[in-house]
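Asks: Provided herewith is a single structure, encoded as structure tokens, for subsequent inquiry.
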Amino acid sequence: MDIILCDELVQEIFQRLPPSSAPSVSLVSKRWLFLLRFSTTSLSIRIPYPTNFPSPCSSSSTSSTATPSLSSILSHYPFLSNLTILCGTFVADDHLPPHPPESLSTSDTLLLTVAASDCSRRLSHLRFFPDSPVSPSALVSSASSFTRLTSLQLTSLLPLSFRWLASFPSLRSFSLVQTRHKQPYYHPAAAADDDEEGEGDRIHAALPLETLSLSGIRAADRGLSWLWRRCANLRWLQLRACEGTGDSPSSPSFPLCLGGLLGLELRTCRTIADRVLRRAADHCQSLSSLLLYDGGSRDALRHFIDRRGAALRTLDLRLPLDLHDDHLFAIAADNQLGSGLAALRLQSCCLVTGDGLRSIARSPAGAAMEELALVNCDVVEREPGLLTFLGQSMPQLRRLDLSYNEMLMDKEVGSMLASCQNLVDIRIRGCRALTGASVLSILKYCARRLEVIDITQCPQIGIDVIEILILNACGLSHVIVEESKVSEAAKEWVSRKAIKID
């Protein structure tokens, strides 16, 4: 059989196999190992601490020849398009000196090694996660090799400068997690000031970036003004655990990236949440999606909703300490013309009452709502009959998440589902009071369309009712549940129907 099948056919078969089968396939024969490597387009490499460099976790020291170099590993995979590098510290390569010179940091050496590999010109996605910062100069030096790179993720960049992005003309998505490393590393000299505050109204060439994610920007960090002035094409922006926006609060640079945004995410950015919300309200002309996690004052939220609420398609508020009913009343008023808030997700909204939710349900947007999430919301347990009203007012719901409402009762769930028979995704994770009766209600009203269900951390839902669910939900494709609750009969049926179990 190995002789009969041509190389092209074997590679086509390999490309259709799940990644978990690769170790077994590689052991069949040298030919299969060779073809497997040539047909591999996605690879993740975790580089251990080399044994000729001391690891912070171990004091042992042996020869490093047992660990293959990064360059030799990549030479076996010339057709990679997606590469992830996770590493501890420097791994010596055949064509590089055994110790990094003073002008070259550990991370820079690894990046240049990837750039020198045969696969570099085919890479479209690179996730580069070393344990020390990479320098802008190394990124500039490697840019000519990454001609097709459209997505780049980095951990730590020093000095904080983004001028190198101009050397990546195909880059559409960039993510930076500005990690603060405890280990010593070579610190490149600080670059010239990137803020360019004295340039006035000078027109800047826009970068091709459409998606940008920044994490860990500190209040004292500078260097992002250059970036904000060139992000006119930006469509999605995420700021996570940021204390600043990399420019001065009075800088006119940051709003320049907001005009074309479709999606904005602020996660644990309490220090700057109000300022960003107000800037977004004033400059985001096309914004359709907002995610706010842990931040935003009452006034800033109201200002944003009043200015941009009517255009929102997705509103996701998680742990919004100052969210009140008046915000929901304003959202309902903004949607009276039926523009259509399609997805409303609320998590840990302790000050919201049923009146606020009912106001949205009564608006034209309520009748067209496709997704509702009320995660760990006290109002679900405080006000009996609320879910029933929401279900009757939102008959077009396709996704429902009631996770972590620990005292939620079967009767409330069943009453809501009776009016929501178009659901394809139901999540009741952590609803500890629910029993098998809720699962039977799901089967009764949603069995024909249900595709995804999450019933983990529900101790009163037993093995028998999960088996009934799997055997009778004809469209089910994904079940999120503890493996110990899946019976042998259910496992056999899962295998036959290709249902994914997590």
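Starting from 1 in every chain, residues are counted up; chains themselves are A, B, ... following the order of the structure tokens, and ligands are numbered from 1 as listed.
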May I have the residues within 12 Å of Ala205 in chain A as a count of residues only, using only C-alpha atoms and disregarding those fewer than 5 positions away in the same chain?
Replies: 12
Asks: Extract, using only C-alpha atoms, all DNA, RNA and protein residues at most 10 Å from Asp322 in chain A, discarding same-chain residues fewer than 2 positions from it, and format them as an MDAnalysis selection string.
Replies: chainID A and resid 294:301 319:320 324:325 327 349:352
Asks: Export, as a compact mmCIF listing (two decimals), in the first residue's frame, the selected residues with all heavy atoms.
Replies:
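Below is the file again-v9.txt, written as the result:
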```txt
# COMPACT_ATOMS: atom_id res chain seq x y z
N ASP A 294 -15.02 45.38 33.25
CA ASP A 294 -14.47 45.98 34.46
C ASP A 294 -13.98 47.41 34.20
O ASP A 294 -12.78 47.68 34.16
CB ASP A 294 -13.33 45.12 35.00
CG ASP A 294 -12.87 45.60 36.38
OD1 ASP A 294 -13.63 46.33 37.03
OD2 ASP A 294 -11.75 45.24 36.78
N GLY A 295 -14.91 48.32 34.06
CA GLY A 295 -14.54 49.72 33.90
C GLY A 295 -15.70 50.51 33.32
O GLY A 295 -16.71 49.97 32.89
N GLY A 296 -15.54 51.82 33.31
CA GLY A 296 -16.56 52.69 32.76
C GLY A 296 -17.47 53.25 33.83
O GLY A 296 -18.22 52.52 34.46
N SER A 297 -17.41 54.56 34.04
CA SER A 297 -18.27 55.20 35.02
C SER A 297 -19.68 55.36 34.47
O SER A 297 -19.93 55.20 33.28
CB SER A 297 -17.72 56.57 35.40
OG SER A 297 -17.84 57.47 34.31
N ARG A 298 -20.60 55.70 35.36
CA ARG A 298 -22.01 55.86 34.96
C ARG A 298 -22.16 56.94 33.89
O ARG A 298 -22.86 56.75 32.89
CB ARG A 298 -22.84 56.21 36.20
CG ARG A 298 -24.33 56.31 35.95
CD ARG A 298 -25.09 56.43 37.25
NE ARG A 298 -26.53 56.40 37.04
CZ ARG A 298 -27.42 56.27 38.02
NH1 ARG A 298 -26.99 56.14 39.27
NH2 ARG A 298 -28.72 56.26 37.76
N ASP A 299 -21.48 58.07 34.08
CA ASP A 299 -21.61 59.17 33.13
C ASP A 299 -20.98 58.84 31.78
O ASP A 299 -21.53 59.19 30.73
CB ASP A 299 -20.97 60.44 33.71
CG ASP A 299 -21.75 60.98 34.90
OD1 ASP A 299 -22.93 60.61 35.04
OD2 ASP A 299 -21.17 61.76 35.68
N ALA A 300 -19.80 58.18 31.81
CA ALA A 300 -19.13 57.85 30.56
C ALA A 300 -19.94 56.84 29.75
O ALA A 300 -20.06 56.95 28.52
CB ALA A 300 -17.73 57.30 30.84
N LEU A 301 -20.51 55.85 30.44
CA LEU A 301 -21.36 54.88 29.76
C LEU A 301 -22.58 55.55 29.13
O LEU A 301 -22.95 55.25 27.99
CB LEU A 301 -21.81 53.80 30.75
CG LEU A 301 -20.82 52.67 31.05
CD1 LEU A 301 -21.33 51.83 32.22
CD2 LEU A 301 -20.62 51.78 29.83
N LEU A 319 -19.02 42.80 34.27
CA LEU A 319 -18.64 43.43 35.53
C LEU A 319 -18.64 44.95 35.42
O LEU A 319 -17.70 45.63 35.86
CB LEU A 319 -17.26 42.93 36.00
CG LEU A 319 -16.94 43.11 37.48
CD1 LEU A 319 -17.88 42.28 38.33
CD2 LEU A 319 -15.50 42.74 37.77
N PRO A 320 -19.67 45.54 34.83
CA PRO A 320 -19.75 47.00 34.77
C PRO A 320 -20.34 47.53 36.08
O PRO A 320 -21.56 47.50 36.29
CB PRO A 320 -20.70 47.25 33.60
CG PRO A 320 -21.59 46.04 33.59
CD PRO A 320 -20.81 44.89 34.16
N HIS A 324 -26.61 50.83 35.27
CA HIS A 324 -27.91 50.95 35.92
C HIS A 324 -29.03 50.78 34.90
O HIS A 324 -28.79 50.71 33.69
CB HIS A 324 -28.06 52.32 36.61
CG HIS A 324 -27.16 52.51 37.78
ND1 HIS A 324 -25.80 52.69 37.65
CD2 HIS A 324 -27.43 52.57 39.12
CE1 HIS A 324 -25.26 52.85 38.86
NE2 HIS A 324 -26.22 52.78 39.76
N ASP A 325 -30.25 50.76 35.40
CA ASP A 325 -31.40 50.63 34.51
C ASP A 325 -31.49 51.78 33.52
O ASP A 325 -31.94 51.59 32.38
CB ASP A 325 -32.70 50.57 35.33
CG ASP A 325 -32.95 49.19 35.92
OD1 ASP A 325 -32.31 48.22 35.46
OD2 ASP A 325 -33.78 49.08 36.84
N HIS A 327 -29.26 53.15 31.85
CA HIS A 327 -28.49 52.84 30.65
C HIS A 327 -29.30 51.94 29.72
O HIS A 327 -29.30 52.13 28.50
CB HIS A 327 -27.17 52.15 31.04
CG HIS A 327 -26.25 53.01 31.84
ND1 HIS A 327 -26.07 52.84 33.19
CD2 HIS A 327 -25.47 54.06 31.50
CE1 HIS A 327 -25.20 53.72 33.64
NE2 HIS A 327 -24.83 54.49 32.64
N CYS A 349 -23.97 42.01 36.51
CA CYS A 349 -24.57 43.35 36.54
C CYS A 349 -25.49 43.44 37.75
O CYS A 349 -26.71 43.22 37.65
CB CYS A 349 -25.33 43.62 35.25
SG CYS A 349 -24.28 43.55 33.78
N CYS A 350 -24.93 43.76 38.90
CA CYS A 350 -25.66 43.66 40.16
C CYS A 350 -26.68 44.78 40.35
O CYS A 350 -27.60 44.65 41.18
CB CYS A 350 -24.69 43.63 41.34
SG CYS A 350 -23.58 45.05 41.41
N LEU A 351 -26.58 45.90 39.63
CA LEU A 351 -27.49 47.03 39.82
C LEU A 351 -28.64 47.06 38.82
O LEU A 351 -29.53 47.90 38.93
CB LEU A 351 -26.71 48.34 39.74
CG LEU A 351 -25.57 48.51 40.77
CD1 LEU A 351 -24.85 49.82 40.57
CD2 LEU A 351 -26.12 48.42 42.19
N VAL A 352 -28.62 46.15 37.87
CA VAL A 352 -29.67 46.10 36.85
C VAL A 352 -30.88 45.34 37.40
O VAL A 352 -30.73 44.31 38.07
CB VAL A 352 -29.15 45.42 35.57
CG1 VAL A 352 -30.28 45.11 34.61
CG2 VAL A 352 -28.12 46.31 34.90
```
Asks: In Å, with one decimal, what is the gap from CA of Glu488 in chain A to CA of Gly430 in chain A?
Replies: 24.4 Å
Asks: Pick from A:Leu434, A:Leu264, A:Ala206, A:Val177: nearest to Ser288 in chain A, with only C-alpha atoms counted?
Replies: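 Under the stated criterion, the closest residue is A:Leu264.
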Asks: Per residue of range 319-373 of chain A within 10 Å of range 394-411 of chain A, which atom pair is closest and at what distance in Å (one decimal), using only C-alpha atoms, listed by chain and increasing number, as a Markdown table?
Replies:
```
| residue | atom | partner | partner_atom | distance |
| --- | --- | --- | --- | --- |
| A:Ala342 | CA | A:Leu397 | CA | 9.1 |
| A:Ala343 | CA | A:Arg399 | CA | 8.9 |
| A:Arg345 | CA | A:Asp401 | CA | 8.5 |
| A:Leu346 | CA | A:Asp401 | CA | 9.7 |
| A:Gln347 | CA | A:Ser403 | CA | 9.4 |
| A:Ser348 | CA | A:Tyr404 | CA | 9.6 |
| A:Ile360 | CA | A:Met394 | CA | 9.9 |
| A:Ala361 | CA | A:Met394 | CA | 6.6 |
| A:Arg362 | CA | A:Met394 | CA | 8.9 |
| A:Pro364 | CA | A:Met394 | CA | 9.8 |
| A:Ala365 | CA | A:Met394 | CA | 8.8 |
| A:Gly366 | CA | A:Met394 | CA | 5.5 |
| A:Ala367 | CA | A:Met394 | CA | 4.8 |
| A:Ala368 | CA | A:Gln396 | CA | 5.9 |
| A:Met369 | CA | A:Leu397 | CA | 5.8 |
| A:Glu370 | CA | A:Leu397 | CA | 4.1 |
| A:Glu371 | CA | A:Arg399 | CA | 4.6 |
| A:Leu372 | CA | A:Leu400 | CA | 5.1 |
| A:Ala373 | CA | A:Asp401 | CA | 4.4 |
```
Asks: Could you take the residues named above and write them with C-alpha atoms, as a PDB file, in the first residue's frame?
Replies:
```pdb
ATOM      1  CA  ALA A 342     -28.684  41.734  17.723  1.00  0.00           C
ATOM      2  CA  ALA A 343     -26.653  40.603  20.753  1.00  0.00           C
ATOM      3  CA  ARG A 345     -24.421  40.156  26.855  1.00  0.00           C
ATOM      4  CA  LEU A 346     -24.447  41.130  30.520  1.00  0.00           C
ATOM      5  CA  GLN A 347     -22.238  39.596  33.204  1.00  0.00           C
ATOM      6  CA  SER A 348     -22.300  40.325  36.959  1.00  0.00           C
ATOM      7  CA  ILE A 360     -35.187  46.408  25.852  1.00  0.00           C
ATOM      8  CA  ALA A 361     -37.426  43.383  25.322  1.00  0.00           C
ATOM      9  CA  ARG A 362     -40.398  45.668  24.558  1.00  0.00           C
ATOM     10  CA  PRO A 364     -38.369  46.667  18.313  1.00  0.00           C
ATOM     11  CA  ALA A 365     -34.821  45.412  18.909  1.00  0.00           C
ATOM     12  CA  GLY A 366     -36.153  42.864  21.430  1.00  0.00           C
ATOM     13  CA  ALA A 367     -38.307  41.104  18.847  1.00  0.00           C
ATOM     14  CA  ALA A 368     -35.278  40.756  16.541  1.00  0.00           C
ATOM     15  CA  MET A 369     -32.686  39.893  19.219  1.00  0.00           C
ATOM     16  CA  GLU A 370     -30.572  36.863  18.251  1.00  0.00           C
ATOM     17  CA  GLU A 371     -28.309  36.471  21.299  1.00  0.00           C
ATOM     18  CA  LEU A 372     -28.880  37.044  25.004  1.00  0.00           C
ATOM     19  CA  ALA A 373     -26.403  36.379  27.812  1.00  0.00           C
TER      20      ALA A 373
END
```
Asks: Identify which of the residues A:Leu287, A:Val481, A:Ala311, A:Leu469 lies closest to Trp493 in chain A, counting only C-alpha atoms when measuring atom-to-atom distances.
Replies: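 The closest residue to Trp493 in chain A is A:Leu469.
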Asks: At a cut-off of 8 Å, using only C-alpha atoms, what residues contact Ile499 in chain A? Leave out same-chain residues fewer than 2 positions from it and give the result as a list in words.
Replies: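 Here the answer would be Leu476, Ser477, His478, Val479, Val494, Ser495, Arg496, Lys497 and Ile501 of chain A.
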